[in-house]
>>> print(open('run21.cif').read())   # mmCIF, C-alpha atoms and all ligand atoms
data_start
#
loop_
_atom_site.label_atom_id
_atom_site.label_comp_id
_atom_site.auth_asym_id
_atom_site.auth_seq_id
_atom_site.Cartn_x
_atom_site.Cartn_y
_atom_site.Cartn_z
CA MET A 1 -16.77 16.53 -5.45
CA ARG A 2 -15.79 20.05 -4.39
CA PRO A 3 -16.65 23.03 -6.62
CA PHE A 4 -13.92 24.11 -9.05
CA THR A 5 -13.52 26.42 -12.00
CA TYR A 6 -12.41 25.29 -15.44
CA GLU A 7 -10.73 26.70 -18.52
CA ARG A 8 -9.36 25.19 -21.70
CA ALA A 9 -5.77 26.14 -22.54
CA GLU A 10 -5.00 27.39 -26.05
CA ASP A 11 -1.27 26.79 -26.05
CA ALA A 12 1.38 25.33 -23.75
CA LYS A 13 2.92 28.68 -22.75
CA SER A 14 -0.38 30.18 -21.66
CA ALA A 15 -1.32 26.96 -19.82
CA VAL A 16 1.85 27.23 -17.74
CA LYS A 17 1.34 30.97 -17.23
CA ARG A 18 -2.25 30.47 -16.04
CA HIS A 19 -1.15 27.70 -13.67
CA ALA A 20 1.28 30.13 -12.05
CA GLU A 21 -1.39 32.85 -11.80
CA VAL A 22 -4.34 30.91 -10.37
CA PRO A 23 -4.04 29.50 -6.83
CA GLY A 24 -4.94 25.83 -6.52
CA ALA A 25 -4.71 25.20 -10.28
CA ARG A 26 -4.07 21.76 -11.78
CA PHE A 27 -3.62 20.53 -15.33
CA LEU A 28 -6.31 18.20 -16.66
CA ALA A 29 -5.40 15.88 -19.56
CA GLY A 30 -7.57 12.77 -20.17
CA GLY A 31 -8.97 13.08 -16.64
CA THR A 32 -9.04 9.30 -16.13
CA ASN A 33 -7.05 9.55 -12.91
CA LEU A 34 -7.51 13.13 -11.72
CA LEU A 35 -11.33 13.15 -11.94
CA ASP A 36 -11.61 9.86 -10.03
CA LEU A 37 -9.47 11.33 -7.26
CA MET A 38 -11.50 14.56 -7.26
CA LYS A 39 -14.73 12.62 -6.82
CA LEU A 40 -13.24 11.00 -3.73
CA GLU A 41 -11.93 14.41 -2.58
CA ILE A 42 -8.39 13.05 -2.45
CA GLU A 43 -7.43 15.70 -5.00
CA ARG A 44 -9.05 19.08 -4.37
CA PRO A 45 -8.01 21.51 -7.12
CA ALA A 46 -9.74 24.90 -7.11
CA HIS A 47 -9.19 25.37 -10.83
CA LEU A 48 -8.62 23.03 -13.77
CA ILE A 49 -6.59 24.01 -16.80
CA ASP A 50 -7.59 21.57 -19.52
CA VAL A 51 -4.49 20.77 -21.58
CA GLY A 52 -6.12 17.84 -23.37
CA ARG A 53 -6.56 19.68 -26.65
CA LEU A 54 -3.16 21.36 -26.82
CA PRO A 55 -1.40 20.62 -30.10
CA LEU A 56 0.98 18.20 -28.37
CA ALA A 57 -0.38 14.90 -29.67
CA GLU A 58 2.07 14.36 -32.52
CA ILE A 59 4.54 11.46 -32.70
CA ALA A 60 7.47 12.70 -34.77
CA GLU A 61 10.88 11.43 -35.89
CA THR A 62 13.87 13.04 -34.18
CA PRO A 63 17.02 13.95 -36.12
CA GLU A 64 18.89 11.27 -34.10
CA GLY A 65 16.57 8.49 -35.31
CA GLY A 66 14.32 8.31 -32.28
CA LEU A 67 10.75 9.45 -31.69
CA ARG A 68 9.34 12.48 -29.94
CA ILE A 69 5.98 11.57 -28.44
CA GLY A 70 3.80 14.55 -27.60
CA ALA A 71 2.47 14.62 -24.04
CA MET A 72 -1.14 14.63 -25.28
CA ALA A 73 -0.74 11.60 -27.56
CA SER A 74 -3.22 9.07 -26.21
CA ASN A 75 -2.00 5.72 -24.91
CA SER A 76 -3.88 4.00 -27.78
CA LYS A 77 -2.24 6.21 -30.37
CA VAL A 78 1.25 5.54 -29.03
CA ALA A 79 0.74 1.78 -28.66
CA GLY A 80 -0.73 1.51 -32.15
CA ASP A 81 1.79 3.69 -33.98
CA ALA A 82 3.55 1.55 -36.59
CA ARG A 83 6.98 3.04 -35.76
CA VAL A 84 6.50 2.40 -32.04
CA ARG A 85 5.35 -1.17 -32.66
CA GLN A 86 8.26 -1.90 -34.93
CA ARG A 87 11.09 -0.07 -33.18
CA TYR A 88 9.90 0.00 -29.54
CA PRO A 89 7.84 -3.18 -29.07
CA ALA A 90 8.44 -3.11 -25.30
CA LEU A 91 6.62 0.24 -25.17
CA SER A 92 3.63 -1.00 -27.18
CA GLN A 93 3.45 -4.17 -25.09
CA ALA A 94 3.62 -2.18 -21.85
CA ILE A 95 0.85 0.21 -22.83
CA VAL A 96 -1.59 -2.45 -24.03
CA SER A 97 -1.04 -4.41 -20.83
CA GLY A 98 -2.47 -1.48 -18.85
CA ALA A 99 -5.99 -0.28 -18.09
CA SER A 100 -8.68 -0.98 -20.75
CA GLY A 101 -9.20 0.01 -24.39
CA GLN A 102 -11.58 2.81 -23.44
CA LEU A 103 -9.23 4.19 -20.80
CA ARG A 104 -6.26 4.01 -23.15
CA ASN A 105 -8.20 6.00 -25.76
CA LYS A 106 -8.59 8.84 -23.27
CA ALA A 107 -5.39 8.54 -21.23
CA SER A 108 -2.50 10.77 -22.32
CA THR A 109 1.24 10.16 -22.29
CA GLY A 110 1.89 12.93 -19.72
CA GLY A 111 -1.04 11.86 -17.53
CA ASN A 112 0.05 8.23 -17.57
CA LEU A 113 3.47 9.18 -16.20
CA LEU A 114 1.92 11.37 -13.50
CA GLN A 115 -0.93 9.09 -12.45
CA ARG A 116 -1.00 8.47 -8.72
CA THR A 117 -0.64 5.25 -6.78
CA ARG A 118 -3.39 2.62 -6.57
CA CYS A 119 -2.56 1.86 -2.90
CA PRO A 120 -5.95 1.06 -1.30
CA TYR A 121 -5.10 3.15 1.78
CA PHE A 122 -4.43 6.18 -0.42
CA TYR A 123 -7.99 5.76 -1.75
CA ASP A 124 -9.57 5.07 1.65
CA THR A 125 -9.92 8.48 3.28
CA THR A 126 -10.77 6.90 6.64
CA MET A 127 -7.27 5.38 6.89
CA PRO A 128 -3.93 7.10 7.55
CA CYS A 129 -1.82 7.80 4.47
CA ASN A 130 1.28 10.02 4.37
CA LYS A 131 0.91 10.45 0.65
CA ARG A 132 -2.64 11.80 0.91
CA GLU A 133 -2.09 13.66 4.19
CA PRO A 134 1.55 14.30 5.12
CA GLY A 135 2.30 13.23 8.70
CA ALA A 136 -0.80 11.03 9.05
CA GLY A 137 1.08 7.71 9.07
CA CYS A 138 1.03 4.72 6.73
CA ALA A 139 -1.62 2.03 7.19
CA ALA A 140 0.04 -0.24 4.63
CA LEU A 141 3.18 -0.82 6.74
CA GLU A 142 1.24 -2.99 9.22
CA GLY A 143 -1.78 -3.66 7.04
CA LEU A 144 -2.75 -5.25 3.75
CA ASN A 145 0.45 -4.81 1.79
CA ARG A 146 0.42 -7.68 -0.66
CA GLU A 147 0.75 -5.29 -3.63
CA HIS A 148 3.29 -2.95 -2.09
CA ALA A 149 6.92 -2.00 -2.66
CA ILE A 150 9.80 -4.37 -2.07
CA LEU A 151 12.44 -1.90 -3.32
CA GLY A 152 13.19 1.69 -2.28
CA GLY A 153 10.34 2.04 0.24
CA SER A 154 10.59 4.02 3.48
CA HIS A 155 8.98 3.99 6.93
CA ALA A 156 6.63 6.68 5.58
CA CYS A 157 5.38 4.90 2.44
CA ILE A 158 5.57 1.61 0.57
CA ALA A 159 3.15 2.47 -2.24
CA VAL A 160 4.08 1.52 -5.80
CA HIS A 161 3.87 3.54 -9.00
CA PRO A 162 1.29 1.90 -11.26
CA SER A 163 2.37 3.05 -14.74
CA ASP A 164 3.36 0.29 -17.17
CA MET A 165 4.39 2.73 -19.87
CA ALA A 166 6.90 4.46 -17.59
CA VAL A 167 8.71 1.16 -16.95
CA ALA A 168 9.25 0.54 -20.66
CA LEU A 169 10.32 4.15 -21.20
CA VAL A 170 12.95 3.85 -18.46
CA ALA A 171 14.38 0.71 -20.07
CA LEU A 172 14.41 2.58 -23.40
CA ASP A 173 16.37 5.45 -21.78
CA ALA A 174 13.71 8.02 -22.69
CA GLU A 175 13.84 11.68 -21.73
CA VAL A 176 11.11 14.09 -20.70
CA GLU A 177 10.60 17.56 -22.14
CA THR A 178 8.85 20.16 -20.03
CA LEU A 179 7.90 23.78 -19.86
CA THR A 180 8.72 25.30 -16.46
CA PRO A 181 6.57 27.86 -14.64
CA SER A 182 9.00 30.57 -15.76
CA GLY A 183 8.35 29.56 -19.38
CA ASP A 184 11.71 27.82 -20.00
CA ALA A 185 11.94 24.45 -21.73
CA ARG A 186 13.98 21.72 -20.08
CA ARG A 187 14.82 18.09 -20.88
CA PHE A 188 16.03 15.37 -18.51
CA PRO A 189 16.13 11.55 -18.25
CA LEU A 190 12.73 10.04 -17.51
CA MET A 191 14.47 7.94 -14.89
CA GLU A 192 14.85 11.18 -12.91
CA LEU A 193 11.18 12.16 -13.15
CA HIS A 194 9.82 10.15 -10.20
CA ARG A 195 11.10 10.20 -6.60
CA LEU A 196 11.45 7.52 -3.96
CA PRO A 197 9.16 8.22 -0.97
CA GLY A 198 11.72 9.03 1.77
CA GLU A 199 10.11 11.30 4.38
CA SER A 200 7.83 13.06 1.90
CA PRO A 201 5.88 10.54 -0.19
CA HIS A 202 3.33 13.22 -1.15
CA ILE A 203 6.04 14.77 -3.37
CA GLU A 204 6.16 12.23 -6.15
CA THR A 205 8.26 13.80 -8.90
CA HIS A 206 11.11 16.22 -9.45
CA LEU A 207 8.83 18.56 -11.40
CA THR A 208 8.25 22.00 -9.92
CA PRO A 209 4.58 22.80 -9.26
CA GLY A 210 3.00 24.01 -12.49
CA GLU A 211 5.65 22.46 -14.76
CA LEU A 212 4.00 21.02 -17.86
CA ILE A 213 5.25 17.85 -19.57
CA THR A 214 5.25 18.60 -23.27
CA ALA A 215 6.81 15.42 -24.71
CA VAL A 216 8.71 12.22 -24.13
CA VAL A 217 11.75 11.67 -26.35
CA VAL A 218 12.81 8.10 -27.05
CA PRO A 219 16.36 7.65 -28.41
CA PRO A 220 17.06 5.35 -31.37
CA PRO A 221 16.09 1.80 -30.42
CA PRO A 222 18.83 -0.20 -28.72
CA LYS A 223 20.23 -3.20 -30.58
CA GLY A 224 18.73 -6.54 -29.59
CA PRO A 225 15.39 -7.82 -28.41
CA GLN A 226 12.85 -5.93 -26.34
CA VAL A 227 10.31 -7.53 -24.01
CA TYR A 228 7.70 -6.27 -21.56
CA ARG A 229 6.11 -8.82 -19.30
CA LYS A 230 3.62 -8.15 -16.52
CA VAL A 231 2.37 -10.42 -13.73
CA ARG A 232 -0.97 -9.42 -12.25
CA ASP A 233 -3.86 -10.93 -10.34
CA ARG A 234 -6.16 -11.04 -13.39
CA ALA A 235 -5.40 -11.62 -17.04
CA SER A 236 -6.43 -8.04 -17.84
CA TYR A 237 -7.51 -4.80 -16.25
CA ALA A 238 -5.16 -4.97 -13.28
CA THR A 239 -1.98 -3.19 -12.30
CA ALA A 240 1.29 -5.09 -12.02
CA LEU A 241 2.29 -7.17 -9.03
CA SER A 242 5.61 -7.21 -10.82
CA SER A 243 6.67 -6.32 -14.33
CA ILE A 244 9.87 -6.10 -16.31
CA ALA A 245 10.95 -4.21 -19.39
CA TYR A 246 14.07 -5.48 -21.14
CA ALA A 247 15.50 -3.43 -23.99
CA GLY A 248 18.90 -4.19 -25.45
CA GLY A 249 20.46 -5.09 -22.11
CA ARG A 250 18.75 -2.39 -20.07
CA ILE A 251 16.30 -3.58 -17.42
CA ALA A 252 13.50 -1.76 -15.59
CA LEU A 253 11.07 -3.23 -13.08
CA GLY A 254 7.48 -2.17 -12.37
CA GLY A 255 5.03 -2.77 -9.54
CA VAL A 256 7.85 -3.12 -7.03
CA ALA A 257 8.80 0.45 -6.07
CA HIS A 258 7.54 4.02 -5.70
CA LYS A 259 8.97 4.66 -9.17
CA PRO A 260 9.96 2.61 -12.22
CA TRP A 261 13.00 0.73 -10.93
CA ARG A 262 16.12 0.61 -13.08
CA ALA A 263 17.79 -2.70 -12.25
CA ALA A 264 21.32 -1.35 -12.47
CA ASP A 265 22.86 -4.04 -10.26
CA ALA A 266 21.38 -6.82 -12.40
CA GLU A 267 22.64 -5.07 -15.55
CA ALA A 268 26.15 -4.81 -14.08
CA ALA A 269 26.10 -8.46 -13.01
CA LEU A 270 25.04 -9.56 -16.50
CA ALA A 271 27.81 -7.47 -18.03
CA GLY A 272 30.22 -9.27 -15.70
CA GLY A 273 29.09 -12.68 -16.96
CA ALA A 274 26.39 -13.60 -14.43
CA THR A 275 23.51 -15.81 -15.51
CA PRO A 276 20.04 -14.19 -15.60
CA ALA A 277 19.09 -15.91 -12.33
CA GLU A 278 22.32 -14.77 -10.64
CA ALA A 279 21.84 -11.22 -11.91
CA MET A 280 18.29 -11.03 -10.54
CA GLU A 281 19.47 -12.46 -7.25
CA VAL A 282 21.97 -9.60 -7.00
CA GLU A 283 19.21 -7.06 -7.71
CA MET A 284 16.83 -8.65 -5.21
CA ALA A 285 19.46 -8.67 -2.45
CA GLN A 286 18.31 -5.13 -1.64
CA ALA A 287 14.59 -6.04 -1.59
CA THR A 288 12.65 -6.09 1.68
CA SER A 289 9.31 -7.56 2.68
CA ALA A 290 6.67 -5.69 4.68
CA GLY A 291 4.83 -8.96 5.32
CA GLU A 292 2.27 -9.96 2.73
CA ASN A 293 4.34 -8.65 -0.18
CA GLY A 294 7.30 -10.94 0.55
CA PHE A 295 6.29 -13.28 -2.26
CA LYS A 296 7.09 -10.53 -4.75
CA ILE A 297 10.83 -10.92 -4.09
CA ALA A 298 10.93 -14.48 -5.43
CA LEU A 299 8.32 -13.64 -8.08
CA THR A 300 10.35 -10.72 -9.44
CA ALA A 301 13.58 -12.72 -9.36
CA ARG A 302 11.99 -15.52 -11.39
CA LEU A 303 10.14 -13.21 -13.75
CA GLY A 304 13.32 -11.25 -14.41
CA ALA A 305 15.43 -14.36 -14.94
CA ALA A 306 12.87 -15.81 -17.38
CA VAL A 307 12.56 -12.61 -19.42
CA ILE A 308 16.30 -11.91 -19.54
CA GLY A 309 16.96 -15.54 -20.50
CA GLN A 310 14.34 -15.34 -23.24
CA ALA A 311 15.83 -12.10 -24.57
CA GLN A 312 19.37 -13.52 -24.53
CA GLU A 313 18.13 -16.58 -26.39
CA LYS A 314 16.49 -14.39 -29.05
CA ALA A 315 19.67 -12.34 -29.45
CA ARG A 316 21.74 -15.46 -30.31
C1 LIG B 401 -9.63 1.18 -13.72
C2 LIG B 401 -8.27 1.67 -14.14
C3 LIG B 401 -7.26 0.75 -14.38
C4 LIG B 401 -5.99 1.20 -14.77
N1 LIG B 401 -4.99 0.29 -15.00
C5 LIG B 401 -3.76 0.73 -15.37
C6 LIG B 401 -2.69 -0.17 -15.62
O1 LIG B 401 -2.83 -1.38 -15.50
N2 LIG B 401 -1.51 0.34 -16.01
C7 LIG B 401 -1.31 1.68 -16.17
O2 LIG B 401 -0.20 2.08 -16.53
N3 LIG B 401 -2.29 2.56 -15.91
C8 LIG B 401 -3.49 2.12 -15.53
N4 LIG B 401 -4.49 3.01 -15.28
C9 LIG B 401 -4.18 4.43 -15.23
C10 LIG B 401 -4.41 5.16 -16.50
O3 LIG B 401 -3.45 4.74 -17.43
C11 LIG B 401 -4.24 6.64 -16.12
O4 LIG B 401 -5.42 7.03 -15.46
C12 LIG B 401 -4.00 7.54 -17.28
O5 LIG B 401 -2.85 7.16 -18.00
C13 LIG B 401 -3.86 8.98 -16.84
O6 LIG B 401 -3.80 9.80 -17.99
P1 LIG B 401 -4.79 11.03 -18.15
O7 LIG B 401 -4.39 11.74 -19.38
O8 LIG B 401 -6.21 10.63 -18.03
O9 LIG B 401 -4.35 11.88 -16.87
P2 LIG B 401 -5.20 12.87 -15.93
O10 LIG B 401 -6.11 12.09 -15.06
O11 LIG B 401 -5.81 13.99 -16.73
O12 LIG B 401 -3.99 13.50 -15.09
C14 LIG B 401 -3.24 12.71 -14.19
C15 LIG B 401 -2.26 13.65 -13.47
O13 LIG B 401 -1.28 14.12 -14.37
C16 LIG B 401 -1.27 15.55 -14.41
N5 LIG B 401 -0.97 15.86 -15.80
C17 LIG B 401 -1.59 15.34 -16.90
N6 LIG B 401 -0.95 15.72 -18.01
C18 LIG B 401 0.10 16.51 -17.62
C19 LIG B 401 1.16 17.17 -18.31
N7 LIG B 401 1.27 17.11 -19.64
N8 LIG B 401 2.06 17.88 -17.60
C20 LIG B 401 1.96 17.93 -16.24
N9 LIG B 401 0.97 17.33 -15.53
C21 LIG B 401 0.08 16.62 -16.22
C22 LIG B 401 -2.63 15.98 -13.91
O14 LIG B 401 -2.61 17.26 -13.34
C23 LIG B 401 -2.91 14.89 -12.88
O15 LIG B 401 -2.26 15.19 -11.69
C24 LIG B 401 -5.76 2.59 -14.91
C25 LIG B 401 -6.80 3.51 -14.68
C26 LIG B 401 -8.04 3.06 -14.28
C27 LIG B 401 -9.13 4.08 -14.03
#
>>> encode(input="run21.cif", output="structure tokens", more="lines below")
Ligand SMILES: Cc1cc2nc3c(=O)[nH]c(=O)nc-3n(C[C@H](O)[C@H](O)[C@H](O)COP(=O)(O)OP(=O)(O)OC[C@H]3O[C@@H](n4cnc5c(N)ncnc54)[C@H](O)[C@@H]3O)c2cc1C
Amino acid sequence: MRPFTYERAEDAKSAVKRHAEVPGARFLAGGTNLLDLMKLEIERPAHLIDVGRLPLAEIAETPEGGLRIGAMASNSKVAGDARVRQRYPALSQAIVSGASGQLRNKASTGGNLLQRTRCPYFYDTTMPCNKREPGAGCAALEGLNREHAILGGSHACIAVHPSDMAVALVALDAEVETLTPSGDARRFPLMELHRLPGESPHIETHLTPGELITAVVVPPPPKGPQVYRKVRDRASYATALSSIAYAGGRIALGGVAHKPWRAADAEAALAGGATPAEAMEVEMAQATSAGENGFKIALTARLGAAVIGQAQEKAR
């Protein structure tokens, strides 16, 4: 690990201000992703601004009937909150399907959304990776790509985003609140937080450098059933090969793209009277295989059809 300096932020405004002042600064929340990457020298911040104890851990009712989840609320706290469990079961289910109990106790809401890919070539510093080192190439395209993207990939990167929570939040139409480097607050759909890789997979979000996530706002729960289902290589402690969040007719897919994937084509097909299997077929028409990951196309189609069918059955 490279040497770095450290400070603990007192409030969100000063955290953002310090980030703008100190070259090479990064926010540190639970540290469960950033510190691992620092040990491998994949991330090399010169200065850490610890935001983990900022007073942003509250889960509060919004005037509209939704919930505002502070960026520092731990994954365990959010998954276990009685209001979340009752009104947003897909979110609880998604969170508890990820990582381990100990990790979830430490992992924050903001950090979970901004965790980096688990692509093995991103972690292996002896192999080319455009995400780790822009312009280096992508070893996954011709290599071991069983876990990689089937939707929205590019010739520069086919890594997937590993967050389960983000997939449920996209299906729930959540928004993100931030504080920008100039000190202004902004709010935008969570669906617009992450980017597809294109030519610059190292730029993973639409946040400006030094922009702090302060909260996630979930609107009132949609009518109808909610489901999160995840297919993985082991029964626990593994990221998704494919996952789906279904919430009142909205569908998001995980483990299949560089970002949580809103299945808009499947939603439109369902609205037009398609069966769940037909709707997923429409969505998967745009999927591509890089080789080993081809099985994910059929897997995601079947998983989606099963979950949508189950939800429709429950709604009757
Ligand atoms: C073995 C293992 C298995 C895992 N399995 C899963 C899984 O199956 N599913 C899953 O979803 N996750 C999984 N995870 C990931 C885990 O959920 C994340 O490591 C965790 O959520 C990151 O949160 P954190 O608070 O520790 O973030 P940190 O490590 O502190 O930060 C992560 C990144 O976010 C930035 N950041 C943090 N907070 C903010 C903020 N408020 N504003 C702006 N930037 C911020 C940091 O600068 C850093 O770049 C796994 C992790 C491990 C180690």
>>> residues_near_ligand(input="run21.cif", ligand="ligand LIG 401 (chain B)", cutoff="8 Å", atoms="all atoms listed in the file", output="number ranges by chain")
A: 26-36, 51-52, 71-72, 74-75, 94-95, 97-100, 103-104, 106-116, 162-166, 178, 210-215, 236-240
>>> atom_distance(input="run21.cif", atom1="CA of Pro201 (chain A)", atom2="CA of Asp233 (chain A)")
25.7 Å
>>> atom_distance(input="run21.cif", atom1="CA of Val231 (chain A)", atom2="CA of Ser243 (chain A)")
6.0 Å
>>> residues_around(input="run21.cif", residues="Asp11 (chain A)", least_positions_apart="2", cutoff="12 Å", atoms="all atoms listed in the file", output="VMD selection string")
chain A and resid 8 to 9 13 to 18 49 to 56 179 212 214
>>> write_last_selection(input="run21.cif", atoms="C-alpha atoms", output="PDB file, keeping the file's coordinate frame")
ATOM      1  CA  ARG A   8      -9.360  25.190 -21.700  1.00  0.00           C
ATOM      2  CA  ALA A   9      -5.770  26.140 -22.540  1.00  0.00           C
ATOM      3  CA  LYS A  13       2.920  28.680 -22.750  1.00  0.00           C
ATOM      4  CA  SER A  14      -0.380  30.180 -21.660  1.00  0.00           C
ATOM      5  CA  ALA A  15      -1.320  26.960 -19.820  1.00  0.00           C
ATOM      6  CA  VAL A  16       1.850  27.230 -17.740  1.00  0.00           C
ATOM      7  CA  LYS A  17       1.340  30.970 -17.230  1.00  0.00           C
ATOM      8  CA  ARG A  18      -2.250  30.470 -16.040  1.00  0.00           C
ATOM      9  CA  ILE A  49      -6.590  24.010 -16.800  1.00  0.00           C
ATOM     10  CA  ASP A  50      -7.590  21.570 -19.520  1.00  0.00           C
ATOM     11  CA  VAL A  51      -4.490  20.770 -21.580  1.00  0.00           C
ATOM     12  CA  GLY A  52      -6.120  17.840 -23.370  1.00  0.00           C
ATOM     13  CA  ARG A  53      -6.560  19.680 -26.650  1.00  0.00           C
ATOM     14  CA  LEU A  54      -3.160  21.360 -26.820  1.00  0.00           C
ATOM     15  CA  PRO A  55      -1.400  20.620 -30.100  1.00  0.00           C
ATOM     16  CA  LEU A  56       0.980  18.200 -28.370  1.00  0.00           C
ATOM     17  CA  LEU A 179       7.900  23.780 -19.860  1.00  0.00           C
ATOM     18  CA  LEU A 212       4.000  21.020 -17.860  1.00  0.00           C
ATOM     19  CA  THR A 214       5.250  18.600 -23.270  1.00  0.00           C
TER      20      THR A 214
END
>>> residues_around(input="run21.cif", residues="region 276-284 of chain A", least_positions_apart="4", cutoff="7 Å", atoms="all atoms listed in the file", output="MDAnalysis selection string")
chainID A and resid 263 265:266 269:270 297 301 304:305 308:309
>>> closest_residue(input="run21.cif", among="A:Val256, A:Ile244, A:Ala271, A:Val307", to="His161 (chain A)", atoms="all atoms listed in the file")
A:Val256
>>> closest_residue(input="run21.cif", among="A:Gly248, A:Gly254, A:Gly291, A:Gly198", to="Lys223 (chain A)", atoms="only C-alpha atoms")
A:Gly248
>>> residues_around(input="run21.cif", residues="Thr5 (chain A)", least_positions_apart="5", cutoff="7 Å", atoms="all atoms listed in the file", output="ChimeraX atom specification")
/A:46-48
>>> atom_distance(input="run21.cif", atom1="CA of Ala315 (chain A)", atom2="CA of Gln226 (chain A)")
9.9 Å
>>> residues_around(input="run21.cif", residues="Pro134 (chain A)", least_positions_apart="4", cutoff="10 Å", atoms="all atoms listed in the file", output="MDAnalysis selection string")
chainID A and resid 128:130 138 156 199:203
>>> write_last_selection(input="run21.cif", atoms="C-alpha atoms", output="PDB file, in the frame of the given file")
ATOM      1  CA  PRO A 128      -3.930   7.100   7.550  1.00  0.00           C
ATOM      2  CA  CYS A 129      -1.820   7.800   4.470  1.00  0.00           C
ATOM      3  CA  ASN A 130       1.280  10.020   4.370  1.00  0.00           C
ATOM      4  CA  CYS A 138       1.030   4.720   6.730  1.00  0.00           C
ATOM      5  CA  ALA A 156       6.630   6.680   5.580  1.00  0.00           C
ATOM      6  CA  GLU A 199      10.110  11.300   4.380  1.00  0.00           C
ATOM      7  CA  SER A 200       7.830  13.060   1.900  1.00  0.00           C
ATOM      8  CA  PRO A 201       5.880  10.540  -0.190  1.00  0.00           C
ATOM      9  CA  HIS A 202       3.330  13.220  -1.150  1.00  0.00           C
ATOM     10  CA  ILE A 203       6.040  14.770  -3.370  1.00  0.00           C
TER      11      ILE A 203
END
>>> build_atoms(input="run21.cif", residues="region 17-22 of chain A", atoms="all heavy atoms", output="compact mmCIF listing (two decimals), in the frame of the given file")
# COMPACT_ATOMS: atom_id res chain seq x y z
N LYS A 17 1.49 29.62 -17.80
CA LYS A 17 1.34 30.97 -17.23
C LYS A 17 0.10 31.02 -16.33
O LYS A 17 0.14 31.51 -15.21
CB LYS A 17 1.22 31.99 -18.38
CG LYS A 17 1.23 33.41 -17.97
CD LYS A 17 1.49 34.31 -19.19
CE LYS A 17 1.26 35.77 -18.85
NZ LYS A 17 -0.13 36.18 -18.87
N ARG A 18 -1.00 30.47 -16.81
CA ARG A 18 -2.25 30.47 -16.04
C ARG A 18 -2.09 29.66 -14.75
O ARG A 18 -2.59 30.04 -13.71
CB ARG A 18 -3.40 29.89 -16.88
CG ARG A 18 -3.89 30.81 -17.95
CD ARG A 18 -4.57 32.05 -17.38
NE ARG A 18 -5.86 31.75 -16.77
CZ ARG A 18 -6.40 32.47 -15.78
NH1 ARG A 18 -5.77 33.51 -15.29
NH2 ARG A 18 -7.58 32.14 -15.27
N HIS A 19 -1.37 28.54 -14.86
CA HIS A 19 -1.15 27.70 -13.67
C HIS A 19 -0.44 28.51 -12.59
O HIS A 19 -0.78 28.41 -11.39
CB HIS A 19 -0.34 26.47 -14.04
CG HIS A 19 -0.41 25.36 -13.05
ND1 HIS A 19 0.08 25.47 -11.76
CD2 HIS A 19 -0.94 24.10 -13.12
CE1 HIS A 19 -0.12 24.35 -11.11
NE2 HIS A 19 -0.75 23.50 -11.90
N ALA A 20 0.52 29.33 -13.02
CA ALA A 20 1.28 30.13 -12.05
C ALA A 20 0.40 31.25 -11.46
O ALA A 20 0.58 31.65 -10.32
CB ALA A 20 2.52 30.71 -12.72
N GLU A 21 -0.57 31.71 -12.25
CA GLU A 21 -1.39 32.85 -11.80
C GLU A 21 -2.52 32.45 -10.86
O GLU A 21 -2.88 33.21 -9.96
CB GLU A 21 -2.06 33.51 -13.03
CG GLU A 21 -1.14 34.39 -13.84
CD GLU A 21 -1.76 34.78 -15.20
OE1 GLU A 21 -2.91 34.38 -15.48
OE2 GLU A 21 -1.07 35.46 -15.96
N VAL A 22 -3.10 31.26 -11.09
CA VAL A 22 -4.34 30.91 -10.37
C VAL A 22 -4.04 29.97 -9.20
O VAL A 22 -3.55 28.85 -9.40
CB VAL A 22 -5.35 30.23 -11.33
CG1 VAL A 22 -6.69 30.01 -10.63
CG2 VAL A 22 -5.53 31.04 -12.60
